[in-house]
$ cat run_11.cif   # mmCIF, C-alpha atoms
data_structure
#
loop_
_atom_site.label_atom_id
_atom_site.label_comp_id
_atom_site.auth_asym_id
_atom_site.auth_seq_id
_atom_site.Cartn_x
_atom_site.Cartn_y
_atom_site.Cartn_z
CA MET H 1 64.26 10.40 -78.40
CA SER H 2 66.75 11.78 -75.88
CA GLU H 3 66.49 15.36 -74.66
CA LEU H 4 70.28 15.55 -74.40
CA PRO H 5 71.14 16.88 -77.89
CA LYS H 6 68.78 19.81 -77.31
CA LEU H 7 70.23 20.42 -73.83
CA MET H 8 73.79 20.34 -75.19
CA GLU H 9 72.89 22.73 -78.00
CA ALA H 10 71.34 25.14 -75.48
CA ASN H 11 74.45 24.78 -73.31
CA ARG H 12 76.71 25.70 -76.22
CA ALA H 13 74.66 28.84 -76.84
CA PHE H 14 74.75 29.69 -73.11
CA SER H 15 78.48 29.10 -72.67
CA ASP H 16 79.35 31.08 -75.81
CA GLY H 17 78.33 34.25 -74.09
CA PHE H 18 79.31 33.22 -70.57
CA ASN H 19 82.10 34.58 -68.44
CA ALA H 20 81.75 33.87 -64.74
CA GLY H 21 84.99 35.60 -63.88
CA ASP H 22 86.21 34.34 -60.54
CA LEU H 23 83.07 33.81 -58.58
CA PRO H 24 83.98 32.25 -55.22
CA MET H 25 82.44 29.05 -53.90
CA PRO H 26 80.48 30.66 -51.01
CA PRO H 27 77.22 32.32 -52.08
CA ALA H 28 77.43 36.11 -52.48
CA ARG H 29 74.30 36.43 -50.36
CA PRO H 30 74.19 34.29 -47.18
CA LEU H 31 71.06 32.49 -48.35
CA ALA H 32 69.89 28.92 -48.97
CA VAL H 33 66.52 28.29 -50.63
CA LEU H 34 64.70 24.96 -50.15
CA ALA H 35 62.06 24.54 -52.86
CA CYS H 36 60.10 21.92 -54.79
CA MET H 37 61.51 20.30 -57.95
CA ASP H 38 58.34 21.28 -59.88
CA ALA H 39 59.05 22.31 -63.49
CA ARG H 40 57.00 25.49 -63.10
CA LEU H 41 59.30 26.81 -60.38
CA HIS H 42 62.43 28.65 -61.47
CA PRO H 43 63.44 29.93 -58.02
CA GLU H 44 66.37 32.02 -59.27
CA ARG H 45 64.03 33.91 -61.60
CA PHE H 46 61.13 34.49 -59.23
CA LEU H 47 63.50 35.52 -56.41
CA GLY H 48 65.79 37.69 -58.52
CA LEU H 49 68.92 35.63 -57.80
CA GLU H 50 72.03 36.18 -59.89
CA ILE H 51 74.59 33.48 -60.69
CA GLY H 52 76.65 33.04 -57.52
CA ASP H 53 74.03 34.49 -55.15
CA ALA H 54 72.49 31.61 -53.19
CA HIS H 55 72.31 27.87 -52.64
CA VAL H 56 69.18 26.25 -54.05
CA VAL H 57 68.16 22.85 -52.64
CA ARG H 58 65.22 21.16 -54.39
CA ASN H 59 63.33 17.91 -54.02
CA ALA H 60 59.81 16.55 -54.46
CA GLY H 61 57.71 18.91 -52.34
CA GLY H 62 60.55 21.10 -51.10
CA ARG H 63 60.55 18.93 -47.98
CA ALA H 64 63.02 19.34 -45.10
CA SER H 65 64.06 15.72 -45.47
CA GLU H 66 67.16 14.31 -43.81
CA ASP H 67 69.02 14.91 -47.07
CA ALA H 68 67.84 18.53 -47.27
CA LEU H 69 69.15 18.99 -43.72
CA ARG H 70 72.47 17.48 -44.84
CA SER H 71 72.62 20.13 -47.57
CA LEU H 72 71.67 22.96 -45.20
CA LEU H 73 74.34 21.89 -42.70
CA ILE H 74 76.99 21.98 -45.44
CA SER H 75 75.59 25.27 -46.73
CA SER H 76 75.72 27.00 -43.36
CA TRP H 77 78.75 25.47 -41.60
CA LEU H 78 81.07 25.34 -44.61
CA LEU H 79 79.81 28.04 -46.94
CA GLY H 80 78.46 30.70 -44.61
CA THR H 81 74.72 30.87 -45.33
CA ARG H 82 72.66 32.16 -42.42
CA GLU H 83 69.13 32.43 -43.82
CA PHE H 84 66.99 29.52 -45.01
CA VAL H 85 63.88 30.14 -47.10
CA VAL H 86 61.44 27.21 -47.51
CA ILE H 87 59.18 27.43 -50.59
CA HIS H 88 56.30 25.08 -51.43
CA HIS H 89 53.78 25.93 -54.16
CA THR H 90 50.18 25.76 -55.33
CA ASP H 91 49.05 22.79 -57.47
CA CYS H 92 51.87 20.66 -56.05
CA GLY H 93 52.00 17.02 -57.13
CA MET H 94 52.56 16.03 -53.50
CA LEU H 95 48.92 16.99 -52.81
CA THR H 96 47.61 14.51 -55.41
CA PHE H 97 48.60 11.16 -53.92
CA THR H 98 49.28 9.42 -50.64
CA ASP H 99 52.38 7.42 -49.82
CA GLY H 100 50.21 4.27 -49.69
CA VAL H 101 48.81 4.83 -53.18
CA LEU H 102 52.26 5.30 -54.74
CA GLN H 103 53.70 2.36 -52.80
CA GLY H 104 50.83 0.20 -54.11
CA SER H 105 51.26 1.43 -57.66
CA ILE H 106 55.02 0.72 -57.73
CA ARG H 107 54.44 -2.72 -56.24
CA GLU H 108 51.80 -3.47 -58.85
CA LYS H 109 54.00 -2.38 -61.76
CA THR H 110 57.37 -3.77 -60.61
CA GLY H 111 56.54 -6.53 -58.17
CA VAL H 112 58.81 -4.91 -55.57
CA ASP H 113 57.53 -4.13 -52.09
CA VAL H 114 58.42 -0.50 -51.32
CA SER H 115 56.11 -0.16 -48.33
CA ASP H 116 59.05 0.99 -46.21
CA MET H 117 59.74 3.99 -48.50
CA GLU H 118 58.46 7.37 -47.33
CA PHE H 119 57.43 9.67 -50.18
CA LEU H 120 56.58 12.66 -47.92
CA SER H 121 53.29 13.46 -49.69
CA PHE H 122 51.01 15.93 -47.90
CA SER H 123 47.36 17.02 -47.89
CA ASP H 124 47.53 20.59 -46.50
CA LEU H 125 49.84 22.98 -48.33
CA ASP H 126 50.29 25.69 -45.67
CA GLN H 127 50.69 23.04 -42.96
CA SER H 128 53.40 21.32 -45.01
CA VAL H 129 55.35 24.59 -45.02
CA ARG H 130 54.91 24.99 -41.27
CA ASP H 131 55.98 21.36 -40.76
CA ASP H 132 59.19 21.79 -42.76
CA VAL H 133 60.13 25.07 -41.06
CA GLU H 134 59.56 23.28 -37.75
CA ARG H 135 61.72 20.35 -38.85
CA ILE H 136 64.59 22.75 -39.56
CA ARG H 137 64.04 24.46 -36.20
CA ASN H 138 64.17 21.06 -34.54
CA ALA H 139 67.70 20.69 -35.92
CA ALA H 140 68.76 23.91 -34.13
CA LYS H 141 71.20 22.17 -31.85
CA ILE H 142 73.40 21.12 -34.77
CA LEU H 143 73.07 24.36 -36.79
CA PRO H 144 75.07 27.59 -36.38
CA GLU H 145 73.54 29.91 -33.76
CA ASP H 146 72.49 32.77 -36.01
CA ILE H 147 70.35 30.98 -38.62
CA SER H 148 66.93 32.36 -39.48
CA VAL H 149 64.27 30.42 -41.34
CA SER H 150 60.98 31.39 -42.99
CA GLY H 151 58.30 29.57 -44.99
CA HIS H 152 56.37 30.54 -48.13
CA VAL H 153 54.00 29.39 -50.84
CA TYR H 154 54.67 30.24 -54.50
CA ASP H 155 51.61 30.57 -56.74
CA VAL H 156 52.38 28.84 -60.05
CA LYS H 157 49.69 30.87 -61.86
CA THR H 158 50.49 34.36 -60.62
CA GLY H 159 54.19 33.99 -59.80
CA ILE H 160 53.53 35.58 -56.39
CA LEU H 161 55.30 34.40 -53.23
CA ARG H 162 53.17 34.44 -50.06
CA GLU H 163 54.64 34.24 -46.56
CA VAL H 164 53.33 31.42 -44.36
CA VAL H 165 55.93 31.47 -41.58
CA ALA H 166 57.63 34.77 -40.74
CA PRO H 167 61.43 34.68 -40.51
CA ALA H 168 62.73 33.93 -37.04
CA LEU H 169 66.01 32.80 -35.55
CA VAL H 170 66.38 29.07 -35.10
CA GLU H 171 67.02 28.56 -31.39
CA PRO H 172 67.81 25.37 -29.49
CA MET E 1 69.87 41.94 -41.98
CA SER E 2 67.40 39.56 -43.65
CA GLU E 3 67.58 38.89 -47.39
CA LEU E 4 63.78 38.53 -47.49
CA PRO E 5 62.78 42.15 -48.26
CA LYS E 6 65.04 42.09 -51.32
CA LEU E 7 63.69 38.69 -52.39
CA MET E 8 60.09 39.89 -52.00
CA GLU E 9 60.82 43.05 -53.97
CA ALA E 10 62.36 40.98 -56.78
CA ASN E 11 59.35 38.66 -56.65
CA ARG E 12 56.96 41.60 -57.06
CA ALA E 13 58.87 42.75 -60.13
CA PHE E 14 58.87 39.18 -61.52
CA SER E 15 55.17 38.52 -60.91
CA ASP E 16 54.12 41.89 -62.36
CA GLY E 17 55.10 40.70 -65.78
CA PHE E 18 54.26 37.02 -65.24
CA ASN E 19 51.49 35.03 -66.82
CA ALA E 20 51.98 31.26 -66.68
CA GLY E 21 48.70 30.57 -68.42
CA ASP E 22 47.61 27.04 -67.62
CA LEU E 23 50.86 25.12 -67.49
CA PRO E 24 50.09 21.56 -66.43
CA MET E 25 51.78 19.82 -63.50
CA PRO E 26 53.80 17.27 -65.58
CA PRO E 27 56.95 18.69 -67.17
CA ALA E 28 56.58 19.64 -70.85
CA ARG E 29 59.78 17.69 -71.57
CA PRO E 30 60.06 14.24 -69.93
CA LEU E 31 63.19 15.25 -68.07
CA ALA E 32 64.49 15.38 -64.51
CA VAL E 33 67.81 17.05 -63.73
CA LEU E 34 69.76 16.15 -60.58
CA ALA E 35 72.33 18.85 -59.83
CA CYS E 36 74.32 20.44 -57.02
CA MET E 37 72.88 23.28 -54.90
CA ASP E 38 75.95 25.45 -55.68
CA ALA E 39 75.11 29.13 -56.14
CA ARG E 40 77.06 29.30 -59.40
CA LEU E 41 74.78 26.72 -61.04
CA HIS E 42 71.56 27.97 -62.61
CA PRO E 43 70.60 24.70 -64.35
CA GLU E 44 67.57 26.14 -66.14
CA ARG E 45 69.78 28.79 -67.72
CA PHE E 46 72.72 26.65 -68.74
CA LEU E 47 70.40 23.93 -70.12
CA GLY E 48 67.96 26.27 -71.87
CA LEU E 49 64.94 25.13 -69.84
CA GLU E 50 61.76 27.18 -69.98
CA ILE E 51 59.27 27.47 -67.12
CA GLY E 52 57.32 24.18 -67.09
CA ASP E 53 59.96 22.15 -68.95
CA ALA E 54 61.67 19.83 -66.45
CA HIS E 55 61.99 18.77 -62.85
CA VAL E 56 65.12 20.03 -61.12
CA VAL E 57 66.31 18.18 -58.02
CA ARG E 58 69.23 19.74 -56.17
CA ASN E 59 71.27 18.98 -53.07
CA ALA E 60 74.82 19.33 -51.77
CA GLY E 61 76.89 17.67 -54.49
CA GLY E 62 74.01 16.66 -56.75
CA ARG E 63 74.19 13.24 -55.06
CA ALA E 64 71.81 10.38 -55.82
CA SER E 65 70.88 10.17 -52.15
CA GLU E 66 67.87 8.23 -50.91
CA ASP E 67 65.91 11.47 -50.97
CA ALA E 68 66.95 12.23 -54.55
CA LEU E 69 65.73 8.74 -55.49
CA ARG E 70 62.43 9.51 -53.73
CA SER E 71 62.11 12.61 -55.93
CA LEU E 72 63.03 10.70 -59.12
CA LEU E 73 60.47 7.98 -58.35
CA ILE E 74 57.73 10.59 -57.95
CA SER E 75 58.98 12.42 -61.05
CA SER E 76 58.89 9.32 -63.25
CA TRP E 77 55.98 7.26 -61.92
CA LEU E 78 53.57 10.12 -61.28
CA LEU E 79 54.66 12.88 -63.62
CA GLY E 80 55.99 11.02 -66.64
CA THR E 81 59.68 11.90 -66.80
CA ARG E 82 61.80 9.29 -68.59
CA GLU E 83 65.27 10.83 -68.74
CA PHE E 84 67.47 11.67 -65.76
CA VAL E 85 70.50 13.93 -66.16
CA VAL E 86 73.01 14.00 -63.29
CA ILE E 87 75.17 17.14 -63.11
CA HIS E 88 78.11 17.74 -60.76
CA HIS E 89 80.52 20.65 -61.26
CA THR E 90 84.09 21.90 -61.03
CA ASP E 91 85.26 23.62 -57.82
CA CYS E 92 82.56 21.81 -55.84
CA GLY E 93 82.51 22.33 -52.08
CA MET E 94 82.11 18.58 -51.63
CA LEU E 95 85.74 18.17 -52.78
CA THR E 96 87.04 20.41 -50.00
CA PHE E 97 86.21 18.41 -46.87
CA THR E 98 85.69 14.88 -45.62
CA ASP E 99 82.69 13.66 -43.66
CA GLY E 100 84.98 13.15 -40.66
CA VAL E 101 86.25 16.73 -40.72
CA LEU E 102 82.74 18.21 -40.85
CA GLN E 103 81.47 15.82 -38.18
CA GLY E 104 84.38 16.89 -35.95
CA SER E 105 83.80 20.58 -36.63
CA ILE E 106 80.07 20.40 -35.80
CA ARG E 107 80.81 18.44 -32.63
CA GLU E 108 83.40 21.00 -31.58
CA LYS E 109 81.06 23.96 -32.16
CA THR E 110 77.79 22.51 -30.86
CA GLY E 111 78.80 19.71 -28.52
CA VAL E 112 76.55 17.30 -30.44
CA ASP E 113 77.90 14.01 -31.77
CA VAL E 114 76.90 13.77 -35.44
CA SER E 115 79.29 10.94 -36.28
CA ASP E 116 76.37 8.91 -37.65
CA MET E 117 75.50 11.58 -40.26
CA GLU E 118 76.70 10.98 -43.81
CA PHE E 119 77.57 14.18 -45.68
CA LEU E 120 78.38 12.43 -49.00
CA SER E 121 81.60 14.39 -49.63
CA PHE E 122 83.84 13.07 -52.41
CA SER E 123 87.44 13.36 -53.59
CA ASP E 124 87.18 12.51 -57.31
CA LEU E 125 84.73 14.59 -59.34
CA ASP E 126 84.26 12.34 -62.39
CA GLN E 127 84.06 9.26 -60.17
CA SER E 128 81.35 10.94 -58.07
CA VAL E 129 79.28 11.36 -61.25
CA ARG E 130 79.81 7.70 -62.21
CA ASP E 131 78.89 6.64 -58.66
CA ASP E 132 75.62 8.57 -58.71
CA VAL E 133 74.61 7.35 -62.17
CA GLU E 134 75.34 3.83 -60.91
CA ARG E 135 73.26 4.41 -57.80
CA ILE E 136 70.29 5.35 -59.96
CA ARG E 137 70.87 2.31 -62.16
CA ASN E 138 70.91 0.17 -59.04
CA ALA E 139 67.36 1.33 -58.36
CA ALA E 140 66.26 0.02 -61.78
CA LYS E 141 63.95 -2.60 -60.35
CA ILE E 142 61.70 0.05 -58.80
CA LEU E 143 61.85 2.54 -61.70
CA PRO E 144 59.74 2.55 -64.90
CA GLU E 145 61.29 0.37 -67.64
CA ASP E 146 62.14 3.04 -70.15
CA ILE E 147 64.27 5.43 -68.06
CA SER E 148 67.60 6.63 -69.40
CA VAL E 149 70.28 8.27 -67.29
CA SER E 150 73.48 10.15 -68.10
CA GLY E 151 76.15 11.96 -66.09
CA HIS E 152 77.95 15.27 -66.65
CA VAL E 153 80.28 17.86 -65.18
CA TYR E 154 79.47 21.59 -65.44
CA ASP E 155 82.44 23.95 -65.53
CA VAL E 156 81.65 26.95 -63.31
CA LYS E 157 84.19 29.13 -65.11
CA THR E 158 83.32 28.41 -68.74
CA GLY E 159 79.65 27.39 -68.39
CA ILE E 160 80.36 24.28 -70.46
CA LEU E 161 78.72 20.92 -69.73
CA ARG E 162 80.96 17.87 -70.30
CA GLU E 163 79.59 14.33 -70.58
CA VAL E 164 81.08 11.79 -68.16
CA VAL E 165 78.57 8.94 -68.54
CA ALA E 166 76.78 8.55 -71.87
CA PRO E 167 72.99 8.17 -71.72
CA ALA E 168 71.83 4.58 -71.45
CA LEU E 169 68.64 2.83 -70.45
CA VAL E 170 68.42 1.82 -66.82
CA GLU E 171 67.92 -1.93 -66.85
CA PRO E 172 67.32 -4.31 -63.96
#

$ encode --input "run_11.cif" --output "structure tokens"
Amino acid sequence: MSELPKLMEANRAFSDGFNAGDLPMPPARPLAVLACMDARLHPERFLGLEIGDAHVVRNAGGRASEDALRSLLISSWLLGTREFVVIHHTDCGMLTFTDGVLQGSIREKTGVDVSDMEFLSFSDLDQSVRDDVERIRNAAKILPEDISVSGHVYDVKTGILREVVAPALVEP
Amino acid sequence: MSELPKLMEANRAFSDGFNAGDLPMPPARPLAVLACMDARLHPERFLGLEIGDAHVVRNAGGRASEDALRSLLISSWLLGTREFVVIHHTDCGMLTFTDGVLQGSIREKTGVDVSDMEFLSFSDLDQSVRDDVERIRNAAKILPEDISVSGHVYDVKTGILREVVAPALVEP
């Protein structure tokens, strides 16, 4: 049973009352959030972001993958963001497996060898935040000069955001 | 002037009234959304998703990049999602540049040659949706058997979601 009819019905209700006016393409606040795809995270809600305010990049873990860096380069160079906020969270799925276990499981179920795929799982939540902030800082030489980055953990039970890495300018 | 103090203040207001209870890690609805990072898209709002309902993967363009596939593999194999919904949108930044132009601009401003970086810009919005649905379908042999995928365009002015690729099972 597809979820789509319910999504489309919700979209009709949303769009009935919606008038975006002429919001421009660049975010109203010069901000890009990098967060996990987890269903319990609604970053716009827990950060108080309005429609048009900020870029939100999300993937499994909220990792600063090569693709997340692609998005942050587009966000900053083309659309003027100057502050990146990395957000991982408690009870993250990425803490519950290792790349080897998932590679083995996919091979067992599909017969395909995916041992060259990195899944970016991690075992230490705060360290994963520090690692991803560092990965963005390591890209300093291809980012605009005045970017700052910080790192945080969101608690899925309390809704509270806790700072792990204080904001600092990214410098080559 | 950092955006963080305002974000933290909004987070305090949010968490004051927040009680997630014991929402489990797997999404309540077996759904993963892949959408653009654009500030004018709040997918949870325009799709009627509650906290805990669905994974939301986002990047520049809502592209089915290798990293998005990583997220969808984790989402489906480990956390039980079975329906992927790809959402691009009108007035997307990805329509306004070419990879070559951005590569040239970054080289000019930083001195670094990034000509080997793919930015995944596109020139035809509906085709970009078809391409990304196809890219997910091309990964069928490493996905669970019962995954369906569809493709859509969100209109940033009207808030209306328009189907471009009807939902269909991903089959090897």

$ atom_distance --input "run_11.cif" --atom1 "CA of Ser75 in chain H" --atom2 "CA of Pro27 in chain H"
9.0 Å

$ atom_distance --input "run_11.cif" --atom1 "CA of Glu83 in chain E" --atom2 "CA of Val57 in chain H"
20.3 Å

$ atom_distance --input "run_11.cif" --atom1 "CA of Pro24 in chain H" --atom2 "CA of Thr81 in chain H"
13.6 Å

$ resolve_selection --input "run_11.cif" --expression "the PyMOL selection byres ((chain E) within 7 of (chain H))" --output "JSON, numbers by chain"
{"E": [7, 10, 11, 12, 14, 15, 18, 19, 20, 21, 25, 27, 37, 38, 39, 40, 41, 42, 46, 47, 48, 51, 52, 53, 54, 55, 56, 57, 58, 59, 60, 67, 68, 70, 71, 93, 106, 110, 112, 119, 141, 142, 157, 158, 159, 160, 161]}

$ calpha_fit_and_write --input "run_11.cif" --fixed "chain H" --moving "chain E" --output "compact mmCIF listing (two decimals) with C-alpha atoms, in the frame of the given file"
# COMPACT_ATOMS: atom_id res chain seq x y z
CA MET E 1 64.25 10.39 -78.41
CA SER E 2 66.75 11.78 -75.88
CA GLU E 3 66.48 15.37 -74.66
CA LEU E 4 70.28 15.55 -74.41
CA PRO E 5 71.13 16.88 -77.90
CA LYS E 6 68.78 19.82 -77.32
CA LEU E 7 70.22 20.42 -73.84
CA MET E 8 73.78 20.34 -75.19
CA GLU E 9 72.88 22.73 -78.00
CA ALA E 10 71.33 25.14 -75.49
CA ASN E 11 74.42 24.78 -73.31
CA ARG E 12 76.69 25.70 -76.23
CA ALA E 13 74.65 28.84 -76.85
CA PHE E 14 74.74 29.69 -73.11
CA SER E 15 78.47 29.12 -72.66
CA ASP E 16 79.36 31.09 -75.81
CA GLY E 17 78.32 34.26 -74.10
CA PHE E 18 79.30 33.21 -70.56
CA ASN E 19 82.09 34.58 -68.45
CA ALA E 20 81.74 33.86 -64.73
CA GLY E 21 84.99 35.60 -63.89
CA ASP E 22 86.23 34.32 -60.55
CA LEU E 23 83.06 33.80 -58.57
CA PRO E 24 83.98 32.25 -55.23
CA MET E 25 82.45 29.04 -53.90
CA PRO E 26 80.46 30.65 -51.01
CA PRO E 27 77.21 32.31 -52.08
CA ALA E 28 77.44 36.11 -52.48
CA ARG E 29 74.29 36.42 -50.35
CA PRO E 30 74.18 34.27 -47.17
CA LEU E 31 71.07 32.47 -48.35
CA ALA E 32 69.88 28.93 -48.97
CA VAL E 33 66.53 28.29 -50.63
CA LEU E 34 64.71 24.97 -50.15
CA ALA E 35 62.07 24.54 -52.86
CA CYS E 36 60.11 21.92 -54.78
CA MET E 37 61.51 20.30 -57.95
CA ASP E 38 58.34 21.28 -59.88
CA ALA E 39 59.04 22.31 -63.48
CA ARG E 40 56.98 25.49 -63.10
CA LEU E 41 59.30 26.81 -60.38
CA HIS E 42 62.43 28.66 -61.48
CA PRO E 43 63.45 29.93 -58.02
CA GLU E 44 66.37 32.02 -59.27
CA ARG E 45 64.02 33.89 -61.58
CA PHE E 46 61.13 34.48 -59.23
CA LEU E 47 63.50 35.53 -56.40
CA GLY E 48 65.80 37.69 -58.53
CA LEU E 49 68.92 35.62 -57.80
CA GLU E 50 72.02 36.17 -59.90
CA ILE E 51 74.58 33.48 -60.69
CA GLY E 52 76.65 33.03 -57.50
CA ASP E 53 74.03 34.48 -55.14
CA ALA E 54 72.48 31.60 -53.17
CA HIS E 55 72.31 27.88 -52.64
CA VAL E 56 69.19 26.24 -54.05
CA VAL E 57 68.16 22.86 -52.65
CA ARG E 58 65.25 21.16 -54.37
CA ASN E 59 63.33 17.91 -54.02
CA ALA E 60 59.81 16.55 -54.45
CA GLY E 61 57.72 18.92 -52.34
CA GLY E 62 60.56 21.11 -51.10
CA ARG E 63 60.56 18.93 -47.96
CA ALA E 64 63.01 19.34 -45.10
CA SER E 65 64.06 15.72 -45.46
CA GLU E 66 67.18 14.31 -43.82
CA ASP E 67 69.02 14.92 -47.08
CA ALA E 68 67.84 18.53 -47.26
CA LEU E 69 69.15 18.99 -43.71
CA ARG E 70 72.48 17.48 -44.84
CA SER E 71 72.62 20.12 -47.58
CA LEU E 72 71.67 22.96 -45.19
CA LEU E 73 74.35 21.89 -42.70
CA ILE E 74 77.00 21.98 -45.42
CA SER E 75 75.60 25.27 -46.73
CA SER E 76 75.73 26.99 -43.34
CA TRP E 77 78.75 25.47 -41.59
CA LEU E 78 81.07 25.35 -44.59
CA LEU E 79 79.82 28.03 -46.93
CA GLY E 80 78.46 30.69 -44.60
CA THR E 81 74.74 30.85 -45.34
CA ARG E 82 72.66 32.16 -42.43
CA GLU E 83 69.13 32.41 -43.82
CA PHE E 84 67.00 29.51 -45.03
CA VAL E 85 63.88 30.13 -47.11
CA VAL E 86 61.46 27.22 -47.53
CA ILE E 87 59.19 27.42 -50.59
CA HIS E 88 56.31 25.09 -51.44
CA HIS E 89 53.78 25.92 -54.17
CA THR E 90 50.18 25.75 -55.33
CA ASP E 91 49.04 22.79 -57.47
CA CYS E 92 51.87 20.67 -56.06
CA GLY E 93 52.01 17.03 -57.13
CA MET E 94 52.56 16.04 -53.51
CA LEU E 95 48.91 16.99 -52.82
CA THR E 96 47.62 14.53 -55.41
CA PHE E 97 48.62 11.17 -53.92
CA THR E 98 49.30 9.43 -50.63
CA ASP E 99 52.40 7.42 -49.81
CA GLY E 100 50.22 4.30 -49.68
CA VAL E 101 48.82 4.84 -53.18
CA LEU E 102 52.27 5.31 -54.73
CA GLN E 103 53.71 2.37 -52.80
CA GLY E 104 50.83 0.22 -54.10
CA SER E 105 51.26 1.45 -57.66
CA ILE E 106 55.02 0.74 -57.72
CA ARG E 107 54.44 -2.71 -56.24
CA GLU E 108 51.80 -3.46 -58.84
CA LYS E 109 54.01 -2.37 -61.75
CA THR E 110 57.37 -3.75 -60.62
CA GLY E 111 56.53 -6.51 -58.16
CA VAL E 112 58.81 -4.89 -55.57
CA ASP E 113 57.54 -4.11 -52.08
CA VAL E 114 58.43 -0.48 -51.32
CA SER E 115 56.12 -0.16 -48.33
CA ASP E 116 59.07 1.00 -46.21
CA MET E 117 59.76 4.01 -48.48
CA GLU E 118 58.47 7.38 -47.33
CA PHE E 119 57.43 9.67 -50.18
CA LEU E 120 56.59 12.67 -47.94
CA SER E 121 53.28 13.47 -49.68
CA PHE E 122 51.00 15.94 -47.89
CA SER E 123 47.36 17.02 -47.89
CA ASP E 124 47.54 20.58 -46.51
CA LEU E 125 49.85 22.98 -48.34
CA ASP E 126 50.31 25.68 -45.67
CA GLN E 127 50.68 23.04 -42.97
CA SER E 128 53.39 21.31 -45.02
CA VAL E 129 55.35 24.59 -45.03
CA ARG E 130 54.92 24.98 -41.25
CA ASP E 131 55.99 21.34 -40.76
CA ASP E 132 59.18 21.79 -42.76
CA VAL E 133 60.13 25.07 -41.07
CA GLU E 134 59.56 23.28 -37.76
CA ARG E 135 61.72 20.36 -38.86
CA ILE E 136 64.58 22.74 -39.56
CA ARG E 137 64.05 24.45 -36.21
CA ASN E 138 64.18 21.05 -34.55
CA ALA E 139 67.70 20.67 -35.91
CA ALA E 140 68.74 23.90 -34.14
CA LYS E 141 71.19 22.18 -31.83
CA ILE E 142 73.39 21.12 -34.75
CA LEU E 143 73.06 24.35 -36.78
CA PRO E 144 75.07 27.59 -36.38
CA GLU E 145 73.52 29.92 -33.77
CA ASP E 146 72.49 32.76 -36.01
CA ILE E 147 70.35 30.98 -38.61
CA SER E 148 66.94 32.36 -39.50
CA VAL E 149 64.26 30.42 -41.35
CA SER E 150 60.98 31.38 -42.99
CA GLY E 151 58.31 29.57 -45.00
CA HIS E 152 56.37 30.55 -48.13
CA VAL E 153 54.00 29.40 -50.84
CA TYR E 154 54.67 30.23 -54.51
CA ASP E 155 51.61 30.56 -56.74
CA VAL E 156 52.36 28.84 -60.06
CA LYS E 157 49.69 30.85 -61.87
CA THR E 158 50.48 34.36 -60.64
CA GLY E 159 54.19 34.00 -59.80
CA ILE E 160 53.53 35.56 -56.39
CA LEU E 161 55.31 34.40 -53.23
CA ARG E 162 53.16 34.43 -50.06
CA GLU E 163 54.65 34.24 -46.56
CA VAL E 164 53.32 31.42 -44.37
CA VAL E 165 55.92 31.46 -41.57
CA ALA E 166 57.62 34.76 -40.75
CA PRO E 167 61.43 34.69 -40.51
CA ALA E 168 62.72 33.93 -37.04
CA LEU E 169 66.00 32.80 -35.55
CA VAL E 170 66.37 29.07 -35.10
CA GLU E 171 67.00 28.56 -31.41
CA PRO E 172 67.77 25.38 -29.50

$ closest_atom_pairs --input "run_11.cif" --of "range 84-107 of chain H" --to "range 126-135 of chain H" --cutoff "9 Å" --atoms "only C-alpha atoms" --output "CSV"
residue,atom,partner,partner_atom,distance
H:Val85,CA,H:Val133,CA,8.7
H:Val86,CA,H:Val133,CA,6.9
H:Ile87,CA,H:Val129,CA,7.3
H:His88,CA,H:Val129,CA,6.5
